[in-house]
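Remarks on the structure that follows.
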Amino acid sequence: MVANKMVLSKSFASLLLPVLAFVSLSVRASPRPRAPLSTDVFKLAIRFNPRKATAVGQARARALLQRDTSSISTASVEGSFFSADVGVGDPPTYYTLLVDTGSSNTWVGANKSYEKTSTSKDTGDQFHDSYGTGSETVFGEEYLDTVTLNSDLVITQQSIGVAEYGTNANLPASLDGILGLGPVDLTENTVSNTNQVPTVMNNLYTQGTISSEVLGAFFEPASVGDGSGELTFGGYDSSKITGDVNYVPITTTSPSSEFWGVDLSISYGNTVILAETAGIVDTGTPTIPIATDAYDKYQSATGATYDSNTGFLMISSDQYANLSSLYFNIGGVSYELTPNAQIWPRSLNSDIGGTSDGIYLVVMDNGSDSGSGQDFTLGHCFLERFYSVYDATNSRVGFATTEYTTATSN
């Protein structure tokens, strides 16, 4: 099967974080005959401010844990975000949207006003999303409109929220809204008179653009080349992996079960620091936050000290030389995060307020003890070492090794 692909690319010289989009099940879109699949690409401009990487990872972990059925929680995007120029209407007006795997509604109007065209239809319904704190809220009217990702990824009658003036969910001025690519369950109670809203991925499938609700994500480490990546819609790119894709079902533990959540255990060397528990896979999180009790064990085992300038754990050269691998046991398969993969890219230390010769660990404290229902987040520092596959049809997530799994680029 030939699948549509989205290539992630660098837009300027600052650090770029690769991220992925999530696939979810259709609930309201009208299908049409299947069209031939294409190999055209959808390029994303990715922007990242690593100086706030610590706060972003911790804030996002706490917000996702605290979400309720009427809100969709993400971290403040000022610290870490990636965006895409997405066309809305016909002819399309292009908006720079945050590409968000932690939420599922697509909306515009945060900074650039919505331009109505002949394809714009006001449903008469209201939409409302809450992204953590009271100030991170958006509300307005729902429209159905044409959304253009590229010439082969065009969606008709996509639900679009049009933000009321002054409500922008605290997005920075460079963003016009959000392209929501999370699971469809996250849209519940976000639009009046509607239980769930079909996501962009829902409609790509039901309208015949892709033949299966599967998405593959590949990312280069931020310290390699331009830090680019690739999203493959309708399947995965076998040329990017060095082994088999191993799948596990979505966890049944709430709240991780509402996201791309999995069950795993974590060992540092031969020592278990986190017994099997539930958490999520999320490239919107820069680092790898884990439960506080597991974090404390990790800090003790590595001998690391907390660095207040960066918010990261810091180790000496001697400690790095003796650093053991972290093993993530997922579905009976052990994924090794090597010592080099556990450290922040040293060439980018100044971007987090660190010293040029400092060695900083990317494992963070998520702010709550294990047993919360979301005890870890596999953020981009994990996902740049392993290919990931998101299979909505079979409610499962897959992982595979890549050429960068054991790279020493950091």
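By convention here, the chains of the structure tokens are called A, B, ... in the order presented, each chain's residues are numbered starting at 1, and ligands are numbered starting at 1 in the order presented.
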
Quick one: everything within 7 Å of A:Asn111, counting only C-alpha atoms, minus sequence neighbours fewer than 4 positions away in the same chain. Send it as a PDB file with N, CA, C and O atoms, in the first residue's frame.
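Final output, saved to out.pdb:
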ATOM      1  N   ALA A 173       1.715  34.961  19.425  1.00  0.00           N
ATOM      2  CA  ALA A 173       1.238  35.736  18.284  1.00  0.00           C
ATOM      3  C   ALA A 173       1.545  35.089  16.943  1.00  0.00           C
ATOM      4  O   ALA A 173       0.915  35.416  15.938  1.00  0.00           O
ATOM      5  N   LEU A 175       0.929  32.094  16.101  1.00  0.00           N
ATOM      6  CA  LEU A 175      -0.013  31.020  15.799  1.00  0.00           C
ATOM      7  C   LEU A 175      -1.424  31.561  15.643  1.00  0.00           C
ATOM      8  O   LEU A 175      -1.846  32.467  16.362  1.00  0.00           O
ATOM      9  N   ASP A 176      -2.161  30.957  14.699  1.00  0.00           N
ATOM     10  CA  ASP A 176      -3.536  31.375  14.413  1.00  0.00           C
ATOM     11  C   ASP A 176      -4.574  30.425  14.977  1.00  0.00           C
ATOM     12  O   ASP A 176      -5.774  30.695  14.878  1.00  0.00           O
TER      13      ASP A 176
END

key: Those of stretch 102-310 of chain A in DSSP strand (DSSP E), formatted as JSON, numbers by chain   = {"A": [107, 108, 121, 122, 123, 124, 125, 126, 127, 128, 129, 130, 137, 138, 139, 140, 141, 142, 143, 144, 145, 146, 147, 148, 149, 150, 153, 154, 155, 156, 157, 158, 159, 160, 161, 162, 163, 177, 178, 179, 180, 214, 215, 216, 217, 218, 219, 229, 230, 231, 232, 233, 246, 247, 248, 249, 261, 262, 263, 264, 265, 266, 267, 268, 271, 272, 273, 274, 275, 276, 277, 278, 279, 280, 281, 288, 289, 290, 305, 306]}

Using DSSP on the backbone coordinates, identify the residues of stretch 110-288 of chain A assigned to alpha helix (DSSP H); present them as a PDB file with all heavy atoms, in the first residue's frame.
ATOM      1  N   VAL A 200      -9.620  15.699  11.943  1.00  0.00           N
ATOM      2  CA  VAL A 200      -9.014  15.727  10.609  1.00  0.00           C
ATOM      3  C   VAL A 200      -8.677  14.312  10.152  1.00  0.00           C
ATOM      4  O   VAL A 200      -8.924  13.931   8.998  1.00  0.00           O
ATOM      5  CB  VAL A 200      -7.761  16.634  10.627  1.00  0.00           C
ATOM      6  CG1 VAL A 200      -6.907  16.401   9.391  1.00  0.00           C
ATOM      7  CG2 VAL A 200      -8.167  18.103  10.725  1.00  0.00           C
ATOM      8  N   MET A 201      -8.109  13.494  11.041  1.00  0.00           N
ATOM      9  CA  MET A 201      -7.761  12.136  10.667  1.00  0.00           C
ATOM     10  C   MET A 201      -9.002  11.297  10.405  1.00  0.00           C
ATOM     11  O   MET A 201      -9.010  10.438   9.516  1.00  0.00           O
ATOM     12  CB  MET A 201      -6.889  11.492  11.739  1.00  0.00           C
ATOM     13  CG  MET A 201      -5.434  11.946  11.717  1.00  0.00           C
ATOM     14  SD  MET A 201      -4.589  11.601  10.149  1.00  0.00           S
ATOM     15  CE  MET A 201      -4.812   9.836  10.009  1.00  0.00           C
ATOM     16  N   ASN A 202     -10.078  11.501  11.179  1.00  0.00           N
ATOM     17  CA  ASN A 202     -11.334  10.803  10.903  1.00  0.00           C
ATOM     18  C   ASN A 202     -11.753  11.008   9.465  1.00  0.00           C
ATOM     19  O   ASN A 202     -12.066  10.067   8.732  1.00  0.00           O
ATOM     20  CB  ASN A 202     -12.461  11.345  11.782  1.00  0.00           C
ATOM     21  CG  ASN A 202     -12.328  11.019  13.239  1.00  0.00           C
ATOM     22  OD1 ASN A 202     -12.892  11.716  14.062  1.00  0.00           O
ATOM     23  ND2 ASN A 202     -11.601   9.992  13.586  1.00  0.00           N
ATOM     24  N   ASN A 203     -11.779  12.262   9.061  1.00  0.00           N
ATOM     25  CA  ASN A 203     -12.296  12.602   7.738  1.00  0.00           C
ATOM     26  C   ASN A 203     -11.353  12.197   6.615  1.00  0.00           C
ATOM     27  O   ASN A 203     -11.806  11.883   5.513  1.00  0.00           O
ATOM     28  CB  ASN A 203     -12.626  14.089   7.674  1.00  0.00           C
ATOM     29  CG  ASN A 203     -13.911  14.404   8.410  1.00  0.00           C
ATOM     30  OD1 ASN A 203     -14.781  13.559   8.551  1.00  0.00           O
ATOM     31  ND2 ASN A 203     -14.029  15.632   8.898  1.00  0.00           N
ATOM     32  N   LEU A 204     -10.049  12.221   6.852  1.00  0.00           N
ATOM     33  CA  LEU A 204      -9.130  11.712   5.836  1.00  0.00           C
ATOM     34  C   LEU A 204      -9.474  10.264   5.505  1.00  0.00           C
ATOM     35  O   LEU A 204      -9.397   9.837   4.340  1.00  0.00           O
ATOM     36  CB  LEU A 204      -7.684  11.801   6.322  1.00  0.00           C
ATOM     37  CG  LEU A 204      -7.009  13.166   6.266  1.00  0.00           C
ATOM     38  CD1 LEU A 204      -5.634  13.101   6.937  1.00  0.00           C
ATOM     39  CD2 LEU A 204      -6.864  13.668   4.832  1.00  0.00           C
ATOM     40  N   TYR A 205      -9.872   9.496   6.511  1.00  0.00           N
ATOM     41  CA  TYR A 205     -10.213   8.090   6.295  1.00  0.00           C
ATOM     42  C   TYR A 205     -11.605   7.930   5.675  1.00  0.00           C
ATOM     43  O   TYR A 205     -11.772   7.248   4.653  1.00  0.00           O
ATOM     44  CB  TYR A 205     -10.126   7.335   7.607  1.00  0.00           C
ATOM     45  CG  TYR A 205     -10.570   5.900   7.498  1.00  0.00           C
ATOM     46  CD1 TYR A 205      -9.815   4.965   6.793  1.00  0.00           C
ATOM     47  CD2 TYR A 205     -11.754   5.478   8.100  1.00  0.00           C
ATOM     48  CE1 TYR A 205     -10.231   3.646   6.680  1.00  0.00           C
ATOM     49  CE2 TYR A 205     -12.175   4.156   7.996  1.00  0.00           C
ATOM     50  CZ  TYR A 205     -11.420   3.248   7.283  1.00  0.00           C
ATOM     51  OH  TYR A 205     -11.836   1.947   7.169  1.00  0.00           O
ATOM     52  N   THR A 206     -12.612   8.543   6.284  1.00  0.00           N
ATOM     53  CA  THR A 206     -13.981   8.309   5.815  1.00  0.00           C
ATOM     54  C   THR A 206     -14.239   8.918   4.437  1.00  0.00           C
ATOM     55  O   THR A 206     -15.106   8.455   3.714  1.00  0.00           O
ATOM     56  CB  THR A 206     -15.013   8.862   6.815  1.00  0.00           C
ATOM     57  OG1 THR A 206     -14.810  10.267   6.988  1.00  0.00           O
ATOM     58  CG2 THR A 206     -14.900   8.156   8.155  1.00  0.00           C
TER      59      THR A 206
END

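For the atom pair formed by atom CA of A:Gln374 and atom CA of A:Leu186, the distance is 16.0 Å, given to one decimal.
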
key: Within 6 Å of stretch 138-154 of chain A using only C-alpha atoms, minus same-chain residues under 4 positions, as a PyMOL selection string   = chain A and resi 42+86-89+119-123+125-129+158-164+167-169

Would you mind exporting N, CA, C and O atoms of the selected residues as an mmCIF file, in the first residue's frame?
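File written: out-v4.cif
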data_model
loop_
_atom_site.group_PDB
_atom_site.id
_atom_site.type_symbol
_atom_site.label_atom_id
_atom_site.label_comp_id
_atom_site.auth_asym_id
_atom_site.auth_seq_id
_atom_site.Cartn_x
_atom_site.Cartn_y
_atom_site.Cartn_z
ATOM 1 N N PHE A 42 3.428 16.673 2.909
ATOM 2 C CA PHE A 42 2.922 17.865 3.581
ATOM 3 C C PHE A 42 4.026 18.341 4.503
ATOM 4 O O PHE A 42 4.365 17.681 5.463
ATOM 5 N N VAL A 86 -1.926 25.648 7.194
ATOM 6 C CA VAL A 86 -3.090 24.860 6.794
ATOM 7 C C VAL A 86 -4.091 25.761 6.097
ATOM 8 O O VAL A 86 -4.425 26.844 6.597
ATOM 9 N N GLY A 87 -4.577 25.307 4.933
ATOM 10 C CA GLY A 87 -5.557 26.078 4.192
ATOM 11 C C GLY A 87 -6.968 25.774 4.657
ATOM 12 O O GLY A 87 -7.336 24.617 4.870
ATOM 13 N N VAL A 88 -7.784 26.818 4.802
ATOM 14 C CA VAL A 88 -9.185 26.661 5.169
ATOM 15 C C VAL A 88 -10.022 27.456 4.176
ATOM 16 O O VAL A 88 -9.747 28.630 3.927
ATOM 17 N N GLY A 89 -11.045 26.827 3.605
ATOM 18 C CA GLY A 89 -11.910 27.477 2.626
ATOM 19 C C GLY A 89 -11.489 27.157 1.204
ATOM 20 O O GLY A 89 -10.520 26.434 0.964
ATOM 21 N N THR A 119 -17.418 27.659 0.601
ATOM 22 C CA THR A 119 -17.481 26.351 1.264
ATOM 23 C C THR A 119 -17.717 26.463 2.766
ATOM 24 O O THR A 119 -17.825 25.444 3.447
ATOM 25 N N SER A 120 -17.805 27.678 3.292
ATOM 26 C CA SER A 120 -17.970 27.877 4.735
ATOM 27 C C SER A 120 -19.437 27.751 5.123
ATOM 28 O O SER A 120 -20.299 28.413 4.543
ATOM 29 N N LYS A 121 -19.724 26.920 6.098
ATOM 30 C CA LYS A 121 -21.095 26.731 6.565
ATOM 31 C C LYS A 121 -21.146 26.864 8.077
ATOM 32 O O LYS A 121 -20.537 26.080 8.817
ATOM 33 N N ASP A 122 -21.889 27.845 8.553
ATOM 34 C CA ASP A 122 -22.090 28.050 9.991
ATOM 35 C C ASP A 122 -23.104 27.027 10.484
ATOM 36 O O ASP A 122 -24.244 26.999 10.034
ATOM 37 N N THR A 123 -22.693 26.152 11.397
ATOM 38 C CA THR A 123 -23.605 25.119 11.887
ATOM 39 C C THR A 123 -24.592 25.656 12.913
ATOM 40 O O THR A 123 -25.571 24.975 13.247
ATOM 41 N N ASP A 125 -23.812 26.003 15.950
ATOM 42 C CA ASP A 125 -23.373 25.460 17.236
ATOM 43 C C ASP A 125 -22.181 26.247 17.769
ATOM 44 O O ASP A 125 -21.459 26.906 17.024
ATOM 45 N N GLN A 126 -21.978 26.151 19.065
ATOM 46 C CA GLN A 126 -20.871 26.828 19.734
ATOM 47 C C GLN A 126 -19.800 25.801 20.105
ATOM 48 O O GLN A 126 -20.109 24.651 20.410
ATOM 49 N N PHE A 127 -18.529 26.223 20.063
ATOM 50 C CA PHE A 127 -17.474 25.333 20.524
ATOM 51 C C PHE A 127 -16.723 25.990 21.674
ATOM 52 O O PHE A 127 -16.677 27.218 21.797
ATOM 53 N N HIS A 128 -16.139 25.145 22.511
ATOM 54 C CA HIS A 128 -15.416 25.632 23.685
ATOM 55 C C HIS A 128 -14.364 24.603 24.050
ATOM 56 O O HIS A 128 -14.669 23.432 24.271
ATOM 57 N N ASP A 129 -13.119 25.031 24.114
ATOM 58 C CA ASP A 129 -12.023 24.166 24.542
ATOM 59 C C ASP A 129 -11.286 24.832 25.687
ATOM 60 O O ASP A 129 -11.079 26.053 25.676
ATOM 61 N N GLN A 158 -15.048 19.790 7.089
ATOM 62 C CA GLN A 158 -14.344 19.565 8.347
ATOM 63 C C GLN A 158 -14.850 20.542 9.403
ATOM 64 O O GLN A 158 -15.026 21.729 9.132
ATOM 65 N N SER A 159 -15.093 20.055 10.596
ATOM 66 C CA SER A 159 -15.473 20.929 11.703
ATOM 67 C C SER A 159 -14.330 21.884 12.025
ATOM 68 O O SER A 159 -13.199 21.459 12.261
ATOM 69 N N ILE A 160 -14.636 23.168 12.022
ATOM 70 C CA ILE A 160 -13.661 24.210 12.327
ATOM 71 C C ILE A 160 -14.252 25.128 13.396
ATOM 72 O O ILE A 160 -15.346 25.672 13.222
ATOM 73 N N GLY A 161 -13.548 25.299 14.479
ATOM 74 C CA GLY A 161 -13.955 26.294 15.453
ATOM 75 C C GLY A 161 -13.419 27.655 15.047
ATOM 76 O O GLY A 161 -12.277 27.772 14.610
ATOM 77 N N VAL A 162 -14.245 28.676 15.148
ATOM 78 C CA VAL A 162 -13.821 30.043 14.845
ATOM 79 C C VAL A 162 -13.831 30.819 16.153
ATOM 80 O O VAL A 162 -14.893 31.083 16.726
ATOM 81 N N ALA A 163 -12.655 31.145 16.630
ATOM 82 C CA ALA A 163 -12.522 31.749 17.953
ATOM 83 C C ALA A 163 -13.141 33.135 18.003
ATOM 84 O O ALA A 163 -12.986 33.936 17.070
ATOM 85 N N GLU A 164 -13.836 33.403 19.082
ATOM 86 C CA GLU A 164 -14.352 34.750 19.320
ATOM 87 C C GLU A 164 -13.179 35.666 19.651
ATOM 88 O O GLU A 164 -12.211 35.257 20.286
ATOM 89 N N THR A 167 -10.289 35.477 22.605
ATOM 90 C CA THR A 167 -10.045 34.157 23.189
ATOM 91 C C THR A 167 -9.103 33.397 22.267
ATOM 92 O O THR A 167 -9.447 33.055 21.148
ATOM 93 N N ASN A 168 -7.916 33.147 22.744
ATOM 94 C CA ASN A 168 -6.908 32.501 21.892
ATOM 95 C C ASN A 168 -6.136 31.409 22.609
ATOM 96 O O ASN A 168 -5.094 30.973 22.133
ATOM 97 N N ALA A 169 -6.641 30.938 23.760
ATOM 98 C CA ALA A 169 -6.002 29.845 24.512
ATOM 99 C C ALA A 169 -4.555 30.161 24.861
ATOM 100 O O ALA A 169 -3.743 29.266 25.046
#

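Around stretch 340-346 of chain A, within 6 Å and counting only C-alpha atoms, the residues found are Leu337, Asn349, Tyr360, Leu361, Val362, Thr408 and Asn410 of chain A, once anything fewer than 3 positions away on its own chain is removed.
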
Take the residues from that selection and write them out as a PDB file, in the first residue's frame, keeping C-alpha atoms.
ATOM      1  CA  LEU A 337      17.500   4.156  25.871  1.00  0.00           C
ATOM      2  CA  ASN A 349      23.261  23.404  26.253  1.00  0.00           C
ATOM      3  CA  TYR A 360      22.052  17.226  31.523  1.00  0.00           C
ATOM      4  CA  LEU A 361      19.627  14.296  31.727  1.00  0.00           C
ATOM      5  CA  VAL A 362      16.277  14.379  29.889  1.00  0.00           C
ATOM      6  CA  THR A 408      25.839   8.955  19.865  1.00  0.00           C
ATOM      7  CA  ASN A 410      24.200  14.004  21.802  1.00  0.00           C
TER       8      ASN A 410
END

ask   = Please, what distance in Å, to one decimal, runs between atom CA of A:Asn394 and atom CA of A:Val262?
value =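 Between these atoms lies a distance of 13.7 Å.
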
ask   = Restricting the calculation to only C-alpha atoms, which member of A:Pro198, A:Pro92, A:Gly177, A:Gly243 is positioned closest to A:Thr401?
value =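 Comparing A:Pro198, A:Pro92, A:Gly177, A:Gly243 against A:Thr401, the winner is A:Gly243.
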
request  = With a distance cut-off of 12 Å and only C-alpha atoms, select the neighbouring residues of A:Leu383, excluding the residue or stretch itself and same-chain residues fewer than 6 positions from it, and output the selection as a PyMOL selection string.
outcome  = chain A and resi 17-20+216-222+229+280-288+335-337+341+377+389+398-402+404-405

Selection file, N, CA and C atoms, as a JSON list (two decimals), in the first residue's frame:
[["chain", "number", "residue", "atom", "x", "y", "z"],
["A", 17, "LEU", "N", 12.08, 20.60, 17.33],
["A", 17, "LEU", "CA", 11.65, 19.35, 17.92],
["A", 17, "LEU", "C", 10.72, 18.63, 16.96],
["A", 18, "PRO", "N", 11.04, 17.39, 16.60],
["A", 18, "PRO", "CA", 10.12, 16.63, 15.79],
["A", 18, "PRO", "C", 8.93, 16.17, 16.61],
["A", 19, "VAL", "N", 7.79, 16.10, 15.99],
["A", 19, "VAL", "CA", 6.58, 15.71, 16.67],
["A", 19, "VAL", "C", 5.67, 14.95, 15.74],
["A", 20, "LEU", "N", 4.69, 14.30, 16.32],
["A", 20, "LEU", "CA", 3.86, 13.48, 15.49],
["A", 20, "LEU", "C", 2.40, 13.81, 15.65],
["A", 216, "GLY", "N", 2.32, 6.60, 10.84],
["A", 216, "GLY", "CA", 3.68, 6.29, 11.25],
["A", 216, "GLY", "C", 4.48, 7.56, 11.44],
["A", 217, "ALA", "N", 5.35, 7.58, 12.45],
["A", 217, "ALA", "CA", 6.11, 8.77, 12.77],
["A", 217, "ALA", "C", 7.59, 8.45, 12.92],
["A", 218, "PHE", "N", 8.40, 9.19, 12.19],
["A", 218, "PHE", "CA", 9.85, 9.03, 12.23],
["A", 218, "PHE", "C", 10.49, 10.38, 12.48],
["A", 219, "PHE", "N", 11.44, 10.44, 13.41],
["A", 219, "PHE", "CA", 12.10, 11.68, 13.73],
["A", 219, "PHE", "C", 13.60, 11.47, 13.88],
["A", 220, "GLU", "N", 14.37, 12.36, 13.30],
["A", 220, "GLU", "CA", 15.80, 12.38, 13.57],
["A", 220, "GLU", "C", 16.03, 13.03, 14.92],
["A", 221, "PRO", "N", 17.09, 12.64, 15.65],
["A", 221, "PRO", "CA", 17.44, 13.37, 16.86],
["A", 221, "PRO", "C", 17.67, 14.85, 16.55],
["A", 222, "ALA", "N", 17.34, 15.71, 17.50],
["A", 222, "ALA", "CA", 17.46, 17.15, 17.28],
["A", 222, "ALA", "C", 18.87, 17.58, 16.95],
["A", 229, "GLY", "N", 11.81, 15.15, 10.24],
["A", 229, "GLY", "CA", 11.12, 13.89, 10.44],
["A", 229, "GLY", "C", 10.08, 13.69, 9.37],
["A", 280, "ILE", "N", 1.47, 7.81, 28.68],
["A", 280, "ILE", "CA", 1.09, 8.17, 27.31],
["A", 280, "ILE", "C", 2.31, 8.40, 26.43],
["A", 281, "VAL", "N", 2.06, 8.33, 25.13],
["A", 281, "VAL", "CA", 3.05, 8.62, 24.11],
["A", 281, "VAL", "C", 2.69, 9.98, 23.52],
["A", 282, "ASP", "N", 3.60, 10.97, 23.62],
["A", 282, "ASP", "CA", 3.23, 12.34, 23.28],
["A", 282, "ASP", "C", 4.44, 13.16, 22.88],
["A", 283, "THR", "N", 4.53, 13.48, 21.59],
["A", 283, "THR", "CA", 5.67, 14.29, 21.17],
["A", 283, "THR", "C", 5.48, 15.75, 21.49],
["A", 284, "GLY", "N", 4.33, 16.14, 22.00],
["A", 284, "GLY", "CA", 4.16, 17.49, 22.48],
["A", 284, "GLY", "C", 4.94, 17.75, 23.74],
["A", 285, "THR", "N", 5.45, 16.68, 24.36],
["A", 285, "THR", "CA", 6.30, 16.79, 25.54],
["A", 285, "THR", "C", 7.75, 16.64, 25.12],
["A", 286, "PRO", "N", 8.61, 17.63, 25.39],
["A", 286, "PRO", "CA", 9.99, 17.57, 24.91],
["A", 286, "PRO", "C", 10.83, 16.47, 25.55],
["A", 287, "THR", "N", 10.64, 16.23, 26.83],
["A", 287, "THR", "CA", 11.53, 15.35, 27.59],
["A", 287, "THR", "C", 10.81, 14.05, 27.94],
["A", 288, "ILE", "N", 11.23, 13.38, 29.01],
["A", 288, "ILE", "CA", 10.59, 12.13, 29.43],
["A", 288, "ILE", "C", 10.22, 12.26, 30.91],
["A", 335, "TYR", "N", 12.97, -1.82, 25.16],
["A", 335, "TYR", "CA", 13.49, -0.73, 24.33],
["A", 335, "TYR", "C", 14.57, -0.01, 25.13],
["A", 336, "GLU", "N", 15.80, -0.09, 24.63],
["A", 336, "GLU", "CA", 16.94, 0.45, 25.37],
["A", 336, "GLU", "C", 17.18, 1.90, 25.01],
["A", 337, "LEU", "N", 17.12, 2.76, 26.03],
["A", 337, "LEU", "CA", 17.50, 4.16, 25.87],
["A", 337, "LEU", "C", 18.93, 4.26, 26.37],
["A", 341, "ALA", "N", 21.39, 8.68, 24.69],
["A", 341, "ALA", "CA", 20.01, 9.09, 24.45],
["A", 341, "ALA", "C", 19.37, 9.70, 25.68],
["A", 377, "THR", "N", 5.43, 9.96, 30.49],
["A", 377, "THR", "CA", 5.16, 10.46, 29.15],
["A", 377, "THR", "C", 6.37, 10.18, 28.29],
["A", 389, "VAL", "N", 4.12, 3.88, 15.63],
["A", 389, "VAL", "CA", 2.97, 3.68, 14.76],
["A", 389, "VAL", "C", 1.71, 3.77, 15.59],
["A", 398, "GLY", "N", 2.52, 0.98, 18.09],
["A", 398, "GLY", "CA", 3.67, 0.14, 17.79],
["A", 398, "GLY", "C", 4.97, 0.91, 17.84],
["A", 399, "PHE", "N", 6.06, 0.21, 18.10],
["A", 399, "PHE", "CA", 7.39, 0.80, 18.14],
["A", 399, "PHE", "C", 8.37, -0.08, 17.37],
["A", 400, "ALA", "N", 9.38, 0.55, 16.80],
["A", 400, "ALA", "CA", 10.43, -0.18, 16.11],
["A", 400, "ALA", "C", 11.74, 0.60, 16.23],
["A", 401, "THR", "N", 12.85, -0.12, 16.15],
["A", 401, "THR", "CA", 14.15, 0.53, 16.18],
["A", 401, "THR", "C", 14.44, 1.21, 14.84],
["A", 402, "THR", "N", 15.32, 2.21, 14.87],
["A", 402, "THR", "CA", 15.74, 2.92, 13.66],
["A", 402, "THR", "C", 17.26, 3.04, 13.67],
["A", 404, "TYR", "N", 18.80, 5.52, 14.33],
["A", 404, "TYR", "CA", 19.20, 6.46, 15.38],
["A", 404, "TYR", "C", 19.01, 5.90, 16.78],
["A", 405, "THR", "N", 18.55, 4.68, 16.91],
["A", 405, "THR", "CA", 18.28, 4.11, 18.23],
["A", 405, "THR", "C", 19.54, 4.14, 19.11]]

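Picture a line from atom CA of A:Leu98 to atom CA of A:Ala84; it runs 6.7 Å.
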
inquiry  = Need the shell around stretch 263-272 of chain A: protein/DNA/RNA residues with any atom at most 10 Å away, counting only C-alpha atoms. Skip same-chain ones fewer than 5 positions apart. Format as a PyMOL selection string?
reply    = chain A and resi 248-253+256-257+277-280+290+294+297-298+301-302+323-337+374-376

request  = Pick out the closest residue to A:Met364 from this set: A:Asp185, A:Asp296, A:Asp318, A:Glu115. Count only C-alpha atoms.
outcome  =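 Closest to A:Met364, using only C-alpha atoms: A:Asp296.
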
message = My list of candidates is A:Gly235, A:Pro183, A:Gly109, A:Gly311. Which is closest to A:Ser388 when distances are computed with only C-alpha atoms?
response =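 Nearest to A:Ser388: A:Gly235.
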
query = Skipping near chain neighbours, those fewer than 4 positions away, what residues fall within 7 Å of A:Leu215 using only C-alpha atoms, listed as a list in words?
reply = Phe22, Val23, Leu231, Thr232, Phe233, Gly234, Gly235, Tyr236, Val389, Tyr390 and Asp391 of chain A
